[in-house]
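**Q** Dropping a structure here in structure tokens format, bear with me for questions.
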Amino acid sequence: MRCFVALDLPRPVGNYLAGLAGKVAGKGDVKWVPAHQLHLTLVFAGDVDEAGVAGLREVVRTAPLPAMQLALAGLGHFPPRGEPRVVWAGLGGDLAALNALYEHLAAGAAALGVERESRGFVPHVTLGRVKSPFGALALIDALRKLGGELRDKPFAPTALSLYGSELRPGGPLHTLLATRPVPGAAADVTRDPD
């Protein structure tokens with residue numbers, strides 16, 4: 001099963017980011033992520049067997065999970081130079097706590113045979129994936145302009161979750177496999193799994 005571990009976003013943050021994506025939707029050839037699927041990926045495990053899924057559930061269950069406040073911090077794309085492949089919203093706020101959580105999860109996943117990300121951890125929310133270079137320059141310009149308008153109001157992630165992800169023609173289907181609420185998060189804004 002294809003799996004990843006992520007921090008879930010409050011619904012208002014997901015809706016806000018989807019609204020931003022809507023403002024640049026006419027620029028470039030991008031497959032935008034629906035609001036209910038926006039999240040902060042901490043560990044992408046890829047394809048794992050049943051024992052690996054059980055191990056990842058345990059890593060999620062036992063990870064030290066502090067209360068944290070994050071904030072949106074700019075829009076951009078990967079790679080940072082050349083044709084964009086991924087459009088993202090950057091994150092700021094309690095990055096020390098976020099990085100400590102990432103390190104714990106990555107080490108736990110590595111002990112299960114999951115390879116660590118070679119490029120290092122860059123906290124971001126993927127907003128869309130670029131399907132072709134058509135309109136790339138217009139997209140980059142629009143992201144620069146819109147990034148200056150980004151609301152940086154602090155928010156608390158709602159849960160630490162393990163998802164299974166099935167790739168389908170209409171987009172990925174995410175299945176919630178394990179979850180823990182983040183301390184201090186409002187219970188009424190936790191995302192529903194899709």
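Residue numbering restarts at 1 in every chain; chains get A, B, ... in the order shown in the structure tokens, and ligands count up from 1 in that same order.
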Give me the residues near Val13 of chain A as a list in words, where near means some atom within 12 Å (using only C-alpha atoms) and where sequence neighbours in that chain fewer than 6 positions away do not count.

**A**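 Selected residues are Gly19, Leu20, Ala35, His36, Gln37, Leu38, His39, Leu40, Leu70, Ala71, Leu72, Ala89, Leu91, Val125, Leu150, Arg151, Asp152, Lys153, Pro154, Phe155, Ala156, Pro157, Thr158, Val189, Thr190 and Arg191 of chain A.
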
**Q** From the list A:Val86, A:Ala73, A:Val5, A:Ala51, which residue is nearest Leu105 of chain A when using only C-alpha atoms?

**A**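 Checking each of A:Val86, A:Ala73, A:Val5, A:Ala51 against Leu105 of chain A, counting only C-alpha atoms, the winner is A:Val5.
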
**Q** For the atom pair atom CA of Leu101 of chain A and atom CA of Val114 of chain A, what is the interatomic distance in Å to one decimal place?

**A**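 Atom-to-atom, atom CA of Leu101 of chain A to atom CA of Val114 of chain A, that is 16.4 Å.
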
**Q** Please, what distance in Å, to one decimal, runs between atom CA of Glu166 of chain A and atom CA of Val53 of chain A?

**A**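 Spanning atom CA of Glu166 of chain A to atom CA of Val53 of chain A is a straight-line distance of 14.3 Å.
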
**Q** Assign secondary structure with DSSP using the backbone only, and return the residues of segment 44-100 of chain A in alpha helix (DSSP H) as a list of chain:residue names.

**A**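 Assigned to alpha helix (DSSP H), within segment 44-100 of chain A: A:Glu50, A:Ala51, A:Gly52, A:Val53, A:Ala54, A:Gly55, A:Leu56, A:Arg57, A:Glu58, A:Val59, A:Val60, A:Arg61, A:Thr62, A:Leu95, A:Ala96, A:Ala97, A:Leu98, A:Asn99, A:Ala100.
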
**Q** Store the residues picked out above, limited to all heavy atoms, as a short mmCIF file (atom, residue, chain, number, x, y, z; two decimals), in the first residue's frame.

**A**
data_model
loop_
_atom_site.label_atom_id
_atom_site.label_comp_id
_atom_site.auth_asym_id
_atom_site.auth_seq_id
_atom_site.Cartn_x
_atom_site.Cartn_y
_atom_site.Cartn_z
N GLU A 50 2.04 -5.02 4.65
CA GLU A 50 1.18 -4.96 5.84
C GLU A 50 1.99 -4.72 7.11
O GLU A 50 1.58 -3.98 8.00
CB GLU A 50 0.36 -6.24 5.96
CG GLU A 50 -0.78 -6.32 4.97
CD GLU A 50 -1.64 -7.55 5.18
OE1 GLU A 50 -1.81 -7.99 6.34
OE2 GLU A 50 -2.15 -8.08 4.17
N ALA A 51 3.15 -5.37 7.21
CA ALA A 51 4.00 -5.18 8.39
C ALA A 51 4.49 -3.73 8.45
O ALA A 51 4.58 -3.14 9.53
CB ALA A 51 5.18 -6.15 8.36
N GLY A 52 4.81 -3.16 7.30
CA GLY A 52 5.24 -1.77 7.25
C GLY A 52 4.14 -0.81 7.67
O GLY A 52 4.38 0.17 8.37
N VAL A 53 2.90 -1.09 7.23
CA VAL A 53 1.76 -0.26 7.63
C VAL A 53 1.57 -0.33 9.14
O VAL A 53 1.38 0.69 9.81
CB VAL A 53 0.47 -0.69 6.89
CG1 VAL A 53 -0.75 0.02 7.46
CG2 VAL A 53 0.59 -0.42 5.40
N ALA A 54 1.67 -1.53 9.71
CA ALA A 54 1.54 -1.69 11.16
C ALA A 54 2.65 -0.92 11.88
O ALA A 54 2.40 -0.27 12.90
CB ALA A 54 1.57 -3.17 11.53
N GLY A 55 3.86 -0.99 11.34
CA GLY A 55 4.97 -0.26 11.94
C GLY A 55 4.77 1.25 11.87
O GLY A 55 5.05 1.96 12.84
N LEU A 56 4.27 1.73 10.74
CA LEU A 56 4.01 3.17 10.61
C LEU A 56 2.88 3.62 11.55
O LEU A 56 2.94 4.72 12.10
CB LEU A 56 3.68 3.52 9.16
CG LEU A 56 4.85 3.47 8.19
CD1 LEU A 56 4.36 3.60 6.74
CD2 LEU A 56 5.87 4.54 8.51
N ARG A 57 1.88 2.77 11.73
CA ARG A 57 0.82 3.09 12.72
C ARG A 57 1.44 3.29 14.10
O ARG A 57 1.07 4.21 14.82
CB ARG A 57 -0.21 1.96 12.78
CG ARG A 57 -1.25 1.99 11.70
CD ARG A 57 -2.37 0.99 12.03
NE ARG A 57 -3.40 1.05 11.02
CZ ARG A 57 -3.63 0.10 10.11
NH1 ARG A 57 -2.90 -1.00 10.09
NH2 ARG A 57 -4.59 0.24 9.24
N GLU A 58 2.37 2.41 14.46
CA GLU A 58 3.01 2.51 15.77
C GLU A 58 3.88 3.77 15.86
O GLU A 58 3.91 4.43 16.90
CB GLU A 58 3.85 1.24 16.03
CG GLU A 58 4.45 1.17 17.41
CD GLU A 58 3.41 1.06 18.53
OE1 GLU A 58 2.22 0.82 18.27
OE2 GLU A 58 3.80 1.24 19.69
N VAL A 59 4.56 4.10 14.79
CA VAL A 59 5.37 5.34 14.79
C VAL A 59 4.48 6.54 15.00
O VAL A 59 4.80 7.44 15.79
CB VAL A 59 6.17 5.45 13.45
CG1 VAL A 59 6.79 6.82 13.30
CG2 VAL A 59 7.24 4.36 13.38
N VAL A 60 3.33 6.58 14.33
CA VAL A 60 2.39 7.69 14.51
C VAL A 60 1.83 7.69 15.93
O VAL A 60 1.73 8.74 16.57
CB VAL A 60 1.24 7.61 13.46
CG1 VAL A 60 0.09 8.54 13.81
CG2 VAL A 60 1.78 7.93 12.07
N ARG A 61 1.50 6.52 16.45
CA ARG A 61 0.91 6.42 17.79
C ARG A 61 1.87 6.88 18.89
O ARG A 61 1.45 7.47 19.88
CB ARG A 61 0.48 4.97 18.05
CG ARG A 61 -0.35 4.79 19.32
CD ARG A 61 -0.68 3.33 19.58
NE ARG A 61 0.46 2.56 20.03
CZ ARG A 61 1.00 2.64 21.25
NH1 ARG A 61 0.53 3.45 22.13
NH2 ARG A 61 2.03 1.87 21.57
N THR A 62 3.17 6.63 18.71
CA THR A 62 4.13 6.89 19.79
C THR A 62 4.96 8.16 19.60
O THR A 62 5.75 8.50 20.48
CB THR A 62 5.09 5.69 19.94
OG1 THR A 62 5.79 5.50 18.70
CG2 THR A 62 4.32 4.43 20.31
N LEU A 95 8.71 26.14 13.82
CA LEU A 95 9.45 25.21 12.94
C LEU A 95 10.37 24.28 13.72
O LEU A 95 10.64 23.17 13.27
CB LEU A 95 10.21 25.99 11.88
CG LEU A 95 9.35 26.75 10.87
CD1 LEU A 95 10.22 27.43 9.83
CD2 LEU A 95 8.34 25.82 10.21
N ALA A 96 10.85 24.72 14.89
CA ALA A 96 11.70 23.83 15.69
C ALA A 96 10.90 22.60 16.13
O ALA A 96 11.38 21.47 16.02
CB ALA A 96 12.27 24.57 16.90
N ALA A 97 9.67 22.81 16.60
CA ALA A 97 8.81 21.69 17.01
C ALA A 97 8.46 20.82 15.80
O ALA A 97 8.45 19.60 15.87
CB ALA A 97 7.54 22.21 17.68
N LEU A 98 8.18 21.48 14.67
CA LEU A 98 7.83 20.74 13.45
C LEU A 98 9.01 19.90 12.97
O LEU A 98 8.85 18.73 12.62
CB LEU A 98 7.39 21.72 12.36
CG LEU A 98 6.95 21.10 11.04
CD1 LEU A 98 5.77 20.17 11.23
CD2 LEU A 98 6.60 22.20 10.05
N ASN A 99 10.20 20.48 12.97
CA ASN A 99 11.39 19.74 12.55
C ASN A 99 11.70 18.58 13.49
O ASN A 99 12.11 17.50 13.04
CB ASN A 99 12.60 20.67 12.43
CG ASN A 99 12.58 21.44 11.13
OD1 ASN A 99 12.46 20.86 10.05
ND2 ASN A 99 12.67 22.75 11.21
N ALA A 100 11.50 18.77 14.81
CA ALA A 100 11.73 17.68 15.76
C ALA A 100 10.75 16.54 15.50
O ALA A 100 11.13 15.36 15.54
CB ALA A 100 11.60 18.20 17.19
#

**Q** Which residue out of A:Ala25, A:Ala142, A:Leu162, A:Ala67 has the minimum interatomic distance to Ala186 of chain A when only C-alpha atoms are used?

**A**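 Ranked by minimum distance to Ala186 of chain A, first place goes to A:Ala67.
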
**Q** Where does DSSP see strand (DSSP E or B) in chain A, if you list the residues as JSON, numbers by chain?

**A** {"A": [2, 3, 4, 5, 6, 7, 8, 29, 30, 31, 32, 39, 40, 41, 42, 43, 44, 45, 46, 47, 70, 71, 72, 73, 74, 75, 76, 77, 78, 86, 87, 88, 89, 90, 91, 92, 93, 124, 125, 126, 127, 128, 129, 130, 131, 132, 155, 159, 160, 161, 162, 163, 164, 165, 166, 173, 174, 175, 176, 177, 178, 179, 180, 181]}

**Q** Nearest residue to Lys31 of chain A out of A:Val87, A:Leu177, A:Met68, A:Leu112, using only C-alpha atoms?

**A**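 The shortest atom-to-atom distance to Lys31 of chain A comes from A:Val87.
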
**Q** Using Å and a single decimal, report how far atom CA of Gly46 of chain A sits from atom CA of Leu65 of chain A.

**A**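 Atom CA of Gly46 of chain A lies 22.9 Å from atom CA of Leu65 of chain A.
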
**Q** Rank nothing, just name the residue among A:Arg116, A:Arg85, A:His104, A:Arg2 nearest to Pro133 of chain A, using only C-alpha atoms.

**A** A:Arg85

**Q** Taking only C-alpha atoms into account, which of A:Ala107, A:Met1, A:Ala138, A:Leu42 comes nearest Thr126 of chain A?

**A**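 That would be A:Leu42, the residue with the smallest distance to Thr126 of chain A.
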
**Q** Using only C-alpha atoms, which residues sit within 10 Å of Glu149 of chain A once same-chain residues fewer than 5 positions away are excluded, as a ChimeraX atom specification?

**A** /A:20,74-75,144

**Q** Keeping only N, CA and C atoms, write those residues as a CSV table (one decimal), in the first residue's frame.

**A**
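Below is the file that was written, selection.csv:
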chain,number,residue,atom,x,y,z
A,20,LEU,N,-6.9,30.4,-2.8
A,20,LEU,CA,-5.7,31.0,-3.4
A,20,LEU,C,-5.4,30.3,-4.8
A,74,GLY,N,4.4,32.3,2.3
A,74,GLY,CA,4.8,32.5,0.9
A,74,GLY,C,4.3,31.3,0.0
A,75,LEU,N,4.3,31.6,-1.3
A,75,LEU,CA,4.0,30.6,-2.3
A,75,LEU,C,5.2,30.4,-3.2
A,144,ARG,N,4.2,34.8,-7.5
A,144,ARG,CA,5.0,35.8,-6.9
A,144,ARG,C,4.0,36.9,-6.4
